[in-house]
file entry22.tsv (TSV, C-alpha atoms (C1' of nucleotides))
chain	number	residue	atom	x	y	z
A	1	MET	CA	6.11	-30.43	-30.72
A	2	PRO	CA	8.43	-27.50	-30.20
A	3	SER	CA	7.19	-25.05	-27.62
A	4	LYS	CA	6.27	-21.57	-28.73
A	5	PRO	CA	9.26	-19.31	-29.26
A	6	ALA	CA	9.82	-16.97	-26.34
A	7	ALA	CA	7.82	-13.79	-26.79
A	8	PRO	CA	9.90	-10.64	-27.10
A	9	ILE	CA	10.16	-8.97	-23.72
A	10	THR	CA	8.20	-5.78	-23.97
A	11	ILE	CA	5.84	-3.71	-21.92
A	12	ASP	CA	2.95	-4.79	-24.12
A	13	ALA	CA	3.03	-8.25	-22.58
A	14	VAL	CA	2.53	-6.57	-19.20
A	15	TYR	CA	-0.51	-4.65	-20.40
A	16	ALA	CA	-2.29	-7.92	-21.16
A	17	ALA	CA	-1.20	-9.73	-18.01
A	18	PRO	CA	-3.87	-10.54	-15.42
A	19	GLY	CA	-1.78	-9.24	-12.55
A	20	TYR	CA	-1.30	-5.88	-14.21
A	21	LEU	CA	-5.00	-5.55	-15.00
A	22	PHE	CA	-5.98	-6.43	-11.44
A	23	ARG	CA	-3.60	-3.85	-10.01
A	24	ARG	CA	-4.79	-1.21	-12.43
A	25	MET	CA	-8.44	-1.94	-11.77
A	26	GLN	CA	-7.86	-1.72	-8.05
A	27	GLN	CA	-6.21	1.69	-8.44
A	28	ILE	CA	-9.21	2.86	-10.42
A	29	ALA	CA	-11.71	1.40	-7.97
A	30	VAL	CA	-10.06	3.13	-5.01
A	31	ALA	CA	-9.89	6.43	-6.91
A	32	ILE	CA	-13.60	6.28	-7.74
A	33	PHE	CA	-14.50	5.31	-4.18
A	34	MET	CA	-12.51	8.17	-2.70
A	35	GLU	CA	-14.00	10.62	-5.13
A	36	GLU	CA	-17.60	9.66	-4.38
A	37	CYS	CA	-16.97	9.48	-0.64
A	38	LYS	CA	-14.65	12.42	-0.17
A	39	ALA	CA	-17.21	14.15	2.05
A	40	PHE	CA	-16.92	11.36	4.60
A	41	ASP	CA	-13.21	10.90	5.23
A	42	LEU	CA	-13.47	7.11	5.07
A	43	THR	CA	-11.26	4.80	3.02
A	44	PRO	CA	-12.59	1.64	1.35
A	45	VAL	CA	-10.87	-0.45	3.97
A	46	GLN	CA	-12.29	1.56	6.85
A	47	TYR	CA	-15.73	1.32	5.30
A	48	ALA	CA	-15.52	-2.46	5.02
A	49	ALA	CA	-14.38	-2.70	8.63
A	50	LEU	CA	-17.30	-0.58	9.81
A	51	ILE	CA	-19.80	-2.68	7.89
A	52	ALA	CA	-18.32	-5.87	9.27
A	53	ILE	CA	-18.46	-4.59	12.85
A	54	HIS	CA	-22.02	-3.48	12.25
A	55	THR	CA	-22.91	-6.94	10.99
A	56	HIS	CA	-21.05	-8.70	13.81
A	57	PRO	CA	-21.16	-6.52	16.93
A	58	GLY	CA	-18.68	-7.54	19.56
A	59	ILE	CA	-16.33	-9.23	17.13
A	60	ASP	CA	-12.63	-9.21	17.99
A	61	ALA	CA	-9.83	-7.98	15.75
A	62	THR	CA	-8.52	-11.36	14.66
A	63	ARG	CA	-11.93	-12.63	13.61
A	64	LEU	CA	-12.64	-9.31	11.92
A	65	SER	CA	-9.51	-9.75	9.83
A	66	ALA	CA	-10.78	-13.14	8.67
A	67	VAL	CA	-14.21	-11.76	7.86
A	68	ILE	CA	-12.96	-9.05	5.53
A	69	ALA	CA	-9.75	-10.78	4.45
A	70	PHE	CA	-7.43	-8.14	5.88
A	71	ASP	CA	-4.03	-8.61	7.23
A	72	ARG	CA	-4.11	-8.66	11.01
A	73	SER	CA	-1.07	-6.43	11.25
A	74	THR	CA	-2.69	-3.80	9.06
A	75	LEU	CA	-6.00	-4.04	10.84
A	76	GLY	CA	-4.53	-2.73	14.06
A	77	SER	CA	-3.88	0.71	12.65
A	78	VAL	CA	-7.20	0.74	10.80
A	79	ILE	CA	-8.97	0.13	14.09
A	80	GLU	CA	-6.95	2.85	15.78
A	81	ARG	CA	-7.98	5.36	13.16
A	82	LEU	CA	-11.63	4.41	13.38
A	83	GLN	CA	-11.41	4.71	17.14
A	84	ALA	CA	-9.73	8.11	16.88
A	85	LYS	CA	-12.64	9.28	14.72
A	86	ASP	CA	-15.01	7.97	17.39
A	87	TYR	CA	-16.72	5.55	15.01
A	88	ILE	CA	-15.97	2.42	17.04
A	89	GLU	CA	-15.04	1.51	20.58
A	90	ARG	CA	-12.97	-1.32	22.00
A	91	LYS	CA	-13.92	-3.03	25.21
A	92	PRO	CA	-11.85	-5.72	26.90
A	93	ALA	CA	-13.64	-9.06	27.02
A	94	PRO	CA	-14.37	-10.16	30.59
A	95	GLU	CA	-13.72	-13.85	30.00
A	96	ASP	CA	-10.56	-13.52	27.90
A	97	LYS	CA	-8.08	-10.83	28.78
A	98	ARG	CA	-6.35	-11.07	25.40
A	99	ILE	CA	-9.39	-9.98	23.43
A	100	LYS	CA	-10.86	-6.57	22.80
A	101	LEU	CA	-14.42	-6.51	21.52
A	102	LEU	CA	-15.39	-4.05	18.79
A	103	HIS	CA	-18.64	-2.11	18.65
A	104	LEU	CA	-19.91	0.78	16.55
A	105	THR	CA	-20.54	4.04	18.35
A	106	LYS	CA	-23.60	6.14	17.53
A	107	SER	CA	-21.41	8.28	15.27
A	108	GLY	CA	-20.21	5.14	13.56
A	109	ALA	CA	-23.70	3.86	12.90
A	110	ALA	CA	-24.73	7.31	11.66
A	111	ILE	CA	-21.83	7.76	9.26
A	112	LEU	CA	-22.51	4.29	7.92
A	113	ARG	CA	-26.12	5.14	7.09
A	114	GLU	CA	-25.05	8.38	5.44
A	115	ILE	CA	-22.23	7.00	3.34
A	116	ILE	CA	-24.12	4.04	1.87
A	117	PRO	CA	-25.57	5.95	-1.11
A	118	ALA	CA	-22.16	7.35	-2.02
A	119	VAL	CA	-20.62	3.89	-1.81
A	120	GLU	CA	-23.30	2.47	-4.07
A	121	ARG	CA	-22.73	5.25	-6.57
A	122	ALA	CA	-19.03	4.43	-6.52
A	123	GLN	CA	-19.59	0.72	-7.05
A	124	ALA	CA	-21.92	1.45	-9.95
A	125	ARG	CA	-19.46	3.87	-11.54
A	126	MET	CA	-16.69	1.28	-11.60
A	127	LEU	CA	-18.70	-0.93	-13.93
A	128	GLU	CA	-20.57	1.80	-15.77
A	129	PRO	CA	-18.46	1.72	-18.96
A	130	LEU	CA	-19.55	-1.87	-19.61
A	131	LYS	CA	-22.83	-3.01	-21.06
A	132	PRO	CA	-25.19	-4.39	-18.38
A	133	ALA	CA	-24.80	-7.96	-19.59
A	134	ASP	CA	-21.03	-7.61	-19.48
A	135	ARG	CA	-21.15	-6.23	-15.95
A	136	LYS	CA	-22.96	-9.34	-14.79
A	137	ALA	CA	-20.58	-11.60	-16.66
A	138	LEU	CA	-17.53	-9.88	-15.19
A	139	MET	CA	-18.85	-9.95	-11.64
A	140	GLY	CA	-19.82	-13.59	-11.98
A	141	LEU	CA	-16.37	-14.56	-13.18
A	142	LEU	CA	-14.65	-12.48	-10.51
A	143	VAL	CA	-16.70	-13.96	-7.69
A	144	GLN	CA	-15.75	-17.41	-8.93
A	145	LEU	CA	-12.09	-16.59	-9.34
A	146	VAL	CA	-11.72	-14.89	-5.96
A	147	ASP	CA	-13.46	-17.78	-4.28
A	148	LEU	CA	-11.44	-20.47	-6.03
A	149	ASN	CA	-8.19	-18.61	-5.30
A	150	ASN	CA	-9.14	-17.87	-1.71
A	151	GLU	CA	-6.38	-19.95	-0.18
A	152	ALA	CA	-3.72	-18.36	-2.33
A	153	SER	CA	-3.66	-15.12	-0.34
A	154	ARG	CA	-2.07	-14.68	3.02
A	155	VAL	CA	-5.40	-13.93	4.66
A	156	PRO	CA	-8.07	-16.18	3.18
A	157	LEU	CA	-11.61	-15.02	3.67
A	158	ARG	CA	-13.36	-16.92	6.47
A	159	ALA	CA	-16.80	-15.42	6.64
A	160	GLU	CA	-18.05	-18.14	8.96
A	161	ASP	CA	-15.41	-17.29	11.57
A	162	ALA	CA	-17.56	-14.38	12.61
A	163	LEU	CA	-20.06	-16.76	14.12
A	164	GLU	CA	-17.57	-18.28	16.54
A	165	HIS	CA	-17.70	-15.45	18.99
A	166	LEU	CA	-21.40	-16.16	19.38
A	167	GLY	CA	-20.87	-19.86	19.77
A	168	LYS	CA	-20.29	-19.84	23.50
A	169	ALA	CA	-23.18	-17.51	24.14
A	170	LYS	CA	-25.60	-19.88	22.50
B	1	MET	CA	-42.40	3.88	-9.36
B	2	PRO	CA	-41.05	3.61	-5.85
B	3	SER	CA	-37.36	2.97	-5.70
B	4	LYS	CA	-36.13	-0.30	-4.27
B	5	PRO	CA	-36.22	-0.42	-0.48
B	6	ALA	CA	-32.77	0.14	1.02
B	7	ALA	CA	-30.90	-3.12	1.32
B	8	PRO	CA	-30.03	-4.14	4.86
B	9	ILE	CA	-26.51	-3.05	5.66
B	10	THR	CA	-24.45	-6.19	6.01
B	11	ILE	CA	-21.07	-7.49	5.10
B	12	ASP	CA	-22.61	-9.69	2.42
B	13	ALA	CA	-23.25	-6.63	0.27
B	14	VAL	CA	-19.52	-5.94	0.44
B	15	TYR	CA	-18.61	-9.45	-0.71
B	16	ALA	CA	-20.49	-8.85	-3.97
B	17	ALA	CA	-19.24	-5.30	-4.54
B	18	PRO	CA	-16.88	-4.73	-7.47
B	19	GLY	CA	-14.46	-2.70	-5.37
B	20	TYR	CA	-14.12	-5.47	-2.82
B	21	LEU	CA	-13.57	-8.11	-5.49
B	22	PHE	CA	-10.92	-6.02	-7.22
B	23	ARG	CA	-9.06	-5.45	-3.96
B	24	ARG	CA	-9.26	-9.14	-3.09
B	25	MET	CA	-8.12	-10.24	-6.52
B	26	GLN	CA	-5.19	-7.88	-6.35
B	27	GLN	CA	-4.13	-9.28	-3.00
B	28	ILE	CA	-4.28	-12.77	-4.47
B	29	ALA	CA	-2.40	-11.78	-7.62
B	30	VAL	CA	0.44	-10.22	-5.63
B	31	ALA	CA	0.64	-13.24	-3.34
B	32	ILE	CA	0.90	-15.62	-6.29
B	33	PHE	CA	3.49	-13.42	-8.01
B	34	MET	CA	5.65	-13.22	-4.90
B	35	GLU	CA	5.42	-16.95	-4.36
B	36	GLU	CA	6.49	-17.85	-7.90
B	37	CYS	CA	9.22	-15.20	-7.94
B	38	LYS	CA	10.53	-15.46	-4.40
B	39	ALA	CA	13.91	-16.58	-5.70
B	40	PHE	CA	14.39	-13.23	-7.43
B	41	ASP	CA	13.64	-10.59	-4.82
B	42	LEU	CA	11.55	-8.52	-7.24
B	43	THR	CA	8.09	-7.15	-6.58
B	44	PRO	CA	5.42	-6.94	-9.30
B	45	VAL	CA	5.93	-3.19	-9.48
B	46	GLN	CA	9.69	-3.47	-9.78
B	47	TYR	CA	9.25	-6.09	-12.48
B	48	ALA	CA	6.95	-3.84	-14.50
B	49	ALA	CA	9.39	-0.97	-14.16
B	50	LEU	CA	12.27	-3.12	-15.39
B	51	ILE	CA	10.29	-4.32	-18.40
B	52	ALA	CA	9.29	-0.78	-19.27
B	53	ILE	CA	12.87	0.47	-19.05
B	54	HIS	CA	13.97	-2.45	-21.16
B	55	THR	CA	11.36	-1.58	-23.78
B	56	HIS	CA	12.16	2.15	-23.66
B	57	PRO	CA	15.85	2.57	-22.83
B	58	GLY	CA	16.72	6.10	-21.78
B	59	ILE	CA	13.23	6.92	-20.58
B	60	ASP	CA	12.90	9.41	-17.74
B	61	ALA	CA	11.00	8.83	-14.50
B	62	THR	CA	7.97	10.94	-15.30
B	63	ARG	CA	7.39	9.25	-18.64
B	64	LEU	CA	8.01	5.89	-17.05
B	65	SER	CA	5.25	6.60	-14.56
B	66	ALA	CA	2.86	7.30	-17.44
B	67	VAL	CA	3.88	4.15	-19.27
B	68	ILE	CA	3.14	1.80	-16.38
B	69	ALA	CA	0.47	3.96	-14.71
B	70	PHE	CA	2.40	4.45	-11.49
B	71	ASP	CA	2.30	7.36	-9.21
B	72	ARG	CA	5.32	9.58	-9.76
B	73	SER	CA	5.87	9.99	-6.04
B	74	THR	CA	5.96	6.24	-5.51
B	75	LEU	CA	8.16	5.64	-8.50
B	76	GLY	CA	11.05	7.52	-6.93
B	77	SER	CA	11.58	4.94	-4.24
B	78	VAL	CA	11.02	2.06	-6.65
B	79	ILE	CA	13.81	3.41	-8.85
B	80	GLU	CA	16.05	3.85	-5.84
B	81	ARG	CA	15.59	0.23	-4.84
B	82	LEU	CA	16.26	-1.01	-8.36
B	83	GLN	CA	19.37	1.12	-8.46
B	84	ALA	CA	20.50	-0.20	-5.08
B	85	LYS	CA	20.21	-3.73	-6.47
B	86	ASP	CA	22.29	-2.65	-9.45
B	87	TYR	CA	19.55	-3.49	-11.96
B	88	ILE	CA	19.31	0.00	-13.44
B	89	GLU	CA	21.38	3.13	-13.67
B	90	ARG	CA	20.43	6.80	-13.84
B	91	LYS	CA	22.31	9.24	-15.98
B	92	PRO	CA	21.64	12.97	-16.11
B	93	ALA	CA	20.44	14.11	-19.52
B	94	PRO	CA	22.92	16.48	-21.17
B	95	GLU	CA	20.30	18.69	-22.79
B	96	ASP	CA	17.92	18.96	-19.83
B	97	LYS	CA	19.30	19.21	-16.33
B	98	ARG	CA	15.99	18.28	-14.76
B	99	ILE	CA	15.90	14.82	-16.29
B	100	LYS	CA	17.62	11.61	-15.34
B	101	LEU	CA	17.66	8.89	-17.99
B	102	LEU	CA	17.07	5.28	-17.00
B	103	HIS	CA	18.88	2.27	-18.43
B	104	LEU	CA	19.12	-1.39	-17.50
B	105	THR	CA	22.47	-2.66	-16.31
B	106	LYS	CA	23.76	-6.03	-17.41
B	107	SER	CA	22.50	-7.50	-14.13
B	108	GLY	CA	19.12	-5.95	-14.80
B	109	ALA	CA	18.87	-7.45	-18.28
B	110	ALA	CA	20.00	-10.79	-16.92
B	111	ILE	CA	17.53	-10.94	-14.04
B	112	LEU	CA	14.79	-9.99	-16.46
B	113	ARG	CA	15.57	-12.93	-18.75
B	114	GLU	CA	15.70	-15.27	-15.80
B	115	ILE	CA	12.51	-14.17	-14.10
B	116	ILE	CA	10.25	-14.26	-17.17
B	117	PRO	CA	9.29	-17.94	-16.85
B	118	ALA	CA	8.38	-17.49	-13.20
B	119	VAL	CA	6.28	-14.45	-14.02
B	120	GLU	CA	4.44	-16.35	-16.72
B	121	ARG	CA	3.77	-19.20	-14.32
B	122	ALA	CA	2.37	-16.69	-11.85
B	123	GLN	CA	0.11	-15.04	-14.42
B	124	ALA	CA	-1.18	-18.44	-15.51
B	125	ARG	CA	-1.83	-19.53	-11.94
B	126	MET	CA	-4.01	-16.51	-11.23
B	127	LEU	CA	-6.52	-17.61	-13.85
B	128	GLU	CA	-6.01	-21.34	-13.54
B	129	PRO	CA	-9.18	-22.05	-11.50
B	130	LEU	CA	-11.32	-20.84	-14.41
B	131	LYS	CA	-12.19	-22.76	-17.54
B	132	PRO	CA	-10.16	-21.60	-20.55
B	133	ALA	CA	-13.13	-19.93	-22.19
B	134	ASP	CA	-13.89	-18.07	-18.98
B	135	ARG	CA	-10.30	-16.90	-18.69
B	136	LYS	CA	-10.53	-15.31	-22.11
B	137	ALA	CA	-13.87	-13.75	-21.32
B	138	LEU	CA	-12.63	-12.28	-18.05
B	139	MET	CA	-9.46	-10.87	-19.57
B	140	GLY	CA	-11.43	-9.37	-22.43
B	141	LEU	CA	-13.84	-7.64	-20.10
B	142	LEU	CA	-11.06	-6.43	-17.82
B	143	VAL	CA	-9.04	-4.96	-20.67
B	144	GLN	CA	-12.14	-3.09	-21.79
B	145	LEU	CA	-13.02	-1.87	-18.34
B	146	VAL	CA	-9.51	-0.71	-17.44
B	147	ASP	CA	-9.25	1.10	-20.75
B	148	LEU	CA	-12.62	2.78	-20.50
B	149	ASN	CA	-11.94	3.81	-16.89
B	150	ASN	CA	-8.41	4.96	-17.65
B	151	GLU	CA	-9.05	8.60	-16.85
B	152	ALA	CA	-10.65	7.78	-13.50
B	153	SER	CA	-7.35	7.02	-11.81
B	154	ARG	CA	-4.84	9.59	-10.69
B	155	VAL	CA	-2.24	8.30	-13.10
B	156	PRO	CA	-3.89	7.38	-16.40
B	157	LEU	CA	-1.90	5.05	-18.59
B	158	ARG	CA	-0.20	6.91	-21.43
B	159	ALA	CA	1.67	4.26	-23.33
B	160	GLU	CA	2.39	6.60	-26.22
B	161	ASP	CA	4.21	9.03	-23.94
B	162	ALA	CA	7.17	6.75	-24.08
B	163	LEU	CA	7.80	7.76	-27.66
B	164	GLU	CA	8.22	11.43	-26.86
B	165	HIS	CA	11.74	11.09	-25.57
B	166	LEU	CA	12.72	9.80	-28.98
B	167	GLY	CA	10.95	12.60	-30.79
B	168	LYS	CA	13.77	15.06	-30.67
B	169	ALA	CA	16.39	12.54	-31.62
B	170	LYS	CA	14.57	11.67	-34.82
C	1	DT	C1'	-1.93	-29.75	38.04
C	2	DG	C1'	1.66	-28.01	35.47
C	3	DT	C1'	3.68	-27.16	31.37
C	4	DT	C1'	3.47	-27.10	26.31
C	5	DG	C1'	1.38	-25.16	22.47
C	6	DA	C1'	-1.86	-22.06	20.39
C	7	DT	C1'	-3.97	-17.57	20.24
C	8	DT	C1'	-4.30	-12.43	20.69
C	9	DG	C1'	-2.91	-7.94	20.05
C	10	DA	C1'	1.06	-5.30	19.28
C	11	DC	C1'	5.26	-3.88	17.01
C	12	DA	C1'	9.33	-3.23	13.70
C	13	DG	C1'	10.66	-3.29	9.01
C	14	DT	C1'	9.79	-3.04	4.06
C	15	DA	C1'	7.03	-1.76	-0.12
C	16	DT	C1'	3.16	0.32	-2.63
C	17	DA	C1'	0.02	4.20	-3.27
C	18	DC	C1'	-1.95	8.94	-3.08
C	19	DT	C1'	-2.01	14.18	-1.68
C	20	DG	C1'	0.20	18.18	-1.64
C	21	DA	C1'	4.13	20.97	-1.76
C	22	DC	C1'	8.82	22.61	-3.08
C	23	DG	C1'	13.11	24.27	-5.56
C	24	DG	C1'	15.53	23.87	-9.86
C	25	DT	C1'	14.95	24.01	-14.77
C	26	DC	C1'	13.05	24.80	-19.23
C	27	DT	C1'	10.01	27.20	-22.65
C	28	DA	C1'	6.94	30.28	-24.78
C	29	DG	C1'	4.84	34.80	-25.00
C	30	DG	C1'	5.35	39.49	-24.63
D	1	DC	C1'	15.58	38.99	-23.46
D	2	DC	C1'	12.96	37.97	-19.59
D	3	DT	C1'	9.39	36.56	-17.00
D	4	DA	C1'	5.03	33.40	-16.30
D	5	DG	C1'	3.80	29.06	-16.50
D	6	DA	C1'	4.83	24.28	-17.17
D	7	DC	C1'	7.63	20.47	-16.00
D	8	DC	C1'	11.10	17.40	-13.35
D	9	DG	C1'	12.54	15.05	-9.43
D	10	DT	C1'	11.97	14.99	-4.57
D	11	DC	C1'	10.01	15.03	-0.05
D	12	DA	C1'	6.68	14.97	3.95
D	13	DG	C1'	2.52	13.00	5.51
D	14	DT	C1'	-1.05	9.46	5.54
D	15	DA	C1'	-2.95	4.75	4.57
D	16	DT	C1'	-2.76	-0.05	2.99
D	17	DA	C1'	-0.37	-4.46	2.88
D	18	DC	C1'	2.88	-8.22	4.05
D	19	DT	C1'	6.78	-10.68	6.96
D	20	DG	C1'	8.33	-11.79	11.10
D	21	DT	C1'	8.53	-11.43	16.07
D	22	DC	C1'	7.08	-10.75	20.90
D	23	DA	C1'	4.76	-10.91	25.60
D	24	DA	C1'	0.61	-11.94	27.73
D	25	DT	C1'	-2.84	-15.09	28.05
D	26	DC	C1'	-5.52	-19.15	27.49
D	27	DA	C1'	-6.49	-24.14	26.61
D	28	DA	C1'	-5.53	-28.83	26.49
D	29	DC	C1'	-3.07	-32.71	27.56
D	30	DA	C1'	0.04	-35.56	30.22

call {"tool": "encode", "arguments": {"input": "entry22.tsv", "output": "structure tokens"}}
result
Amino acid sequence: MPSKPAAPITIDAVYAAPGYLFRRMQQIAVAIFMEECKAFDLTPVQYAALIAIHTHPGIDATRLSAVIAFDRSTLGSVIERLQAKDYIERKPAPEDKRIKLLHLTKSGAAILREIIPAVERAQARMLEPLKPADRKALMGLLVQLVDLNNEASRVPLRAEDALEHLGKAK
Amino acid sequence: MPSKPAAPITIDAVYAAPGYLFRRMQQIAVAIFMEECKAFDLTPVQYAALIAIHTHPGIDATRLSAVIAFDRSTLGSVIERLQAKDYIERKPAPEDKRIKLLHLTKSGAAILREIIPAVERAQARMLEPLKPADRKALMGLLVQLVDLNNEASRVPLRAEDALEHLGKAK
DNA sequence: TGTTGATTGACAGTATACTGACGGTCTAGG
DNA sequence: CCTAGACCGTCAGTATACTGTCAATCAACA
């Protein structure tokens, strides 16, 4: 069987490509998030970091990067900015001089409570154009795909890593 | 009817949020693209720009940004890098001194032909973990969603803008 | 115990992205 | 014809991301 003839090289092929659609959808998602949350001066990434620190108080930067699938290099500056806004604090760990433990400040916990409704509005708006059944279908497929492709990215998600820092305390 | 009680604030809510999944999927898509195309020293964005210029020779930067839904500010440096690699050239338009027209060079056309198979492998790999029927379903939903949310991003896609630069020549 | 190897946070360098602004240029209305 | 507004490319500033490297530190094994 002869293989299919090479498709003509045009921009239309790009419009239908998964990679293009993922990039485009991410642009849109960030734009909607920023619009709904513009009163709070928090980016999506900073929000995720705050939530993760709230869920795992005393986590260190490397484990945090695994828990939200961030690049460790990038996370450094994210943490700096959150610290500059007085939403988190870093304390050196007594038993390991390399590590700095992350905790929310009172301001951080407060901003988190306040921003939640805006974030939920944003998340809802991203899917709003679809019919409810389609929203579920899309989310289901995406969860699968992200999970099955986890190892393909530089920073695979390792949600269970967050528990390690508690391991010794137990 | 009382509204649902506020969900506890944890990182698990983030894992299921559309915005998080889109960001994660984009990370994965870029990683796969770069891996398949590492022999070519082209990023996904640069590839899309090359394809668009190939499809619309003599397009200017502003219209190019509309055609691939890029930010105009960002596009400047992308064009510079493509020019530095000798894949495109910029020529001032005779009838409008503001505009610089973009064309592929021979190297640019050549690299485009060569990279296509790698790009197609990358696009296929992104969806590979899903069953074929699910791939179709996901792409269908994504195309819809991106289209319906087009105006939500700073740079909506305006594919038809590309035709304008031909309008006067006709 | 002493050194190798791994880990942690930090940094430099490159590439997208978005906001906002600016001078040069064109165009349409008065 | 001439000026107000639109448009073009560009730039400065901020924020993600990834690659690769480094010194300090820790852990584990010989």

call {"tool": "atom_distance", "arguments": {"input": "entry22.tsv", "atom1": "atom CA of A:Leu130", "atom2": "atom CA of B:Ala13"}}
result
20.8 Å

call {"tool": "atom_distance", "arguments": {"input": "entry22.tsv", "atom1": "atom CA of A:Gln26", "atom2": "atom CA of B:Gln83"}}
result
27.4 Å

call {"tool": "residues_around", "arguments": {"input": "entry22.tsv", "residues": "stretch 110-125 of chain A", "least_positions_apart": "2", "cutoff": "6 Å", "atoms": "all atoms listed in the file", "output": "list in words"}}
result
Ile32, Phe33, Glu36, Cys37, Ser107, Gly108, Leu127 and Glu128 of chain A

call {"tool": "atom_distance", "arguments": {"input": "entry22.tsv", "atom1": "atom CA of B:Asn149", "atom2": "atom CA of B:His56"}}
result
25.1 Å

call {"tool": "closest_atom_pairs", "arguments": {"input": "entry22.tsv", "of": "chain B", "to": "chain A", "cutoff": "8 Å", "atoms": "all atoms listed in the file", "output": "Markdown table"}}
result
| residue | atom | partner | partner_atom | distance |
| --- | --- | --- | --- | --- |
| B:Ile9 | CA | A:Ile51 | CA | 7.1 |
| B:Thr10 | CA | A:Thr55 | CA | 5.3 |
| B:Ile11 | CA | A:Ala52 | CA | 5.3 |
| B:Val14 | CA | A:Ala48 | CA | 7.0 |
| B:Ala16 | CA | A:Val143 | CA | 7.4 |
| B:Ala17 | CA | A:Gln123 | CA | 6.5 |
| B:Pro18 | CA | A:Gln123 | CA | 6.1 |
| B:Gly19 | CA | A:Ala29 | CA | 5.6 |
| B:Leu21 | CA | A:Leu142 | CA | 6.7 |
| B:Phe22 | CA | A:Gln26 | CA | 5.3 |
| B:Arg23 | CA | A:Gln26 | CA | 5.7 |
| B:Arg24 | CA | A:Val146 | CA | 6.9 |
| B:Met25 | CA | A:Val146 | CA | 5.9 |
| B:Gln26 | CA | A:Phe22 | CA | 5.4 |
| B:Gln27 | CA | A:Ser153 | CA | 6.4 |
| B:Ile28 | CA | A:Ser153 | CA | 4.8 |
| B:Ala29 | CA | A:Gly19 | CA | 5.6 |
| B:Val30 | CA | A:Gly19 | CA | 7.3 |
| B:Ala31 | CA | A:Ser153 | CA | 5.6 |
| B:Ile32 | CA | A:Ala152 | CA | 6.7 |
| B:Ala48 | CA | A:Val14 | CA | 7.0 |
| B:Ile51 | CA | A:Ile11 | CA | 5.7 |
| B:Ala52 | CA | A:Ile11 | CA | 5.2 |
| B:His54 | CA | A:Thr10 | CA | 7.2 |
| B:Thr55 | CA | A:Thr10 | CA | 5.3 |
| B:Ala69 | CA | A:Arg24 | CA | 7.7 |
| B:Gln123 | CA | A:Pro18 | CA | 6.1 |
| B:Met126 | CA | A:Pro18 | CA | 7.3 |
| B:Leu127 | CA | A:Leu145 | CA | 7.2 |
| B:Pro129 | CA | A:Leu148 | CA | 6.1 |
| B:Leu130 | CA | A:Leu145 | CA | 6.7 |
| B:Asp134 | CA | A:Leu141 | CA | 7.2 |
| B:Leu138 | CA | A:Leu138 | CA | 6.2 |
| B:Met139 | CA | A:Pro18 | CA | 7.0 |
| B:Leu141 | CA | A:Leu138 | CA | 6.5 |
| B:Leu142 | CA | A:Leu21 | CA | 6.7 |
| B:Val143 | CA | A:Leu21 | CA | 7.0 |
| B:Gln144 | CA | A:Leu130 | CA | 7.8 |
| B:Leu145 | CA | A:Pro129 | CA | 6.5 |
| B:Val146 | CA | A:Met25 | CA | 5.9 |
| B:Leu148 | CA | A:Pro129 | CA | 6.1 |
| B:Asn149 | CA | A:Ile28 | CA | 7.1 |
| B:Asn150 | CA | A:Ile28 | CA | 7.6 |
| B:Ala152 | CA | A:Ile28 | CA | 6.0 |
| B:Ser153 | CA | A:Ile28 | CA | 4.8 |
| B:Arg154 | CA | A:Ala31 | CA | 7.1 |

call {"tool": "closest_atom_pairs", "arguments": {"input": "entry22.tsv", "of": "chain D", "to": "chain A", "cutoff": "12 Å", "atoms": "only C-alpha atoms (C1' of nucleotides)", "output": "JSON lines"}}
result
{"residue": "D:DT14", "atom": "C1'", "partner": "A:Arg81", "partner_atom": "CA", "distance": 11.1}
{"residue": "D:DA15", "atom": "C1'", "partner": "A:Thr43", "partner_atom": "CA", "distance": 8.5}
{"residue": "D:DT16", "atom": "C1'", "partner": "A:Thr74", "partner_atom": "CA", "distance": 7.1}
{"residue": "D:DA17", "atom": "C1'", "partner": "A:Thr74", "partner_atom": "CA", "distance": 6.6}
{"residue": "D:DC18", "atom": "C1'", "partner": "A:Asp71", "partner_atom": "CA", "distance": 7.6}
{"residue": "D:DT19", "atom": "C1'", "partner": "A:Ser73", "partner_atom": "CA", "distance": 9.9}
{"residue": "D:DG20", "atom": "C1'", "partner": "A:Ser73", "partner_atom": "CA", "distance": 10.8}
{"residue": "D:DT21", "atom": "C1'", "partner": "A:Ser73", "partner_atom": "CA", "distance": 11.8}
{"residue": "D:DA23", "atom": "C1'", "partner": "A:Arg98", "partner_atom": "CA", "distance": 11.1}
{"residue": "D:DA24", "atom": "C1'", "partner": "A:Arg98", "partner_atom": "CA", "distance": 7.4}
{"residue": "D:DT25", "atom": "C1'", "partner": "A:Arg98", "partner_atom": "CA", "distance": 6.0}
{"residue": "D:DC26", "atom": "C1'", "partner": "A:Asp96", "partner_atom": "CA", "distance": 7.6}
{"residue": "D:DA27", "atom": "C1'", "partner": "A:Asp96", "partner_atom": "CA", "distance": 11.4}

call {"tool": "write_last_selection", "arguments": {"input": "entry22.tsv", "atoms": "C-alpha atoms (C1' of nucleotides)", "output": "compact mmCIF listing (two decimals), keeping the file's coordinate frame"}}
result
# COMPACT_ATOMS: atom_id res chain seq x y z
C1' DT D 14 -1.05 9.46 5.54
C1' DA D 15 -2.95 4.75 4.57
C1' DT D 16 -2.76 -0.05 2.99
C1' DA D 17 -0.37 -4.46 2.88
C1' DC D 18 2.88 -8.22 4.05
C1' DT D 19 6.78 -10.68 6.96
C1' DG D 20 8.33 -11.79 11.10
C1' DT D 21 8.53 -11.43 16.07
C1' DA D 23 4.76 -10.91 25.60
C1' DA D 24 0.61 -11.94 27.73
C1' DT D 25 -2.84 -15.09 28.05
C1' DC D 26 -5.52 -19.15 27.49
C1' DA D 27 -6.49 -24.14 26.61
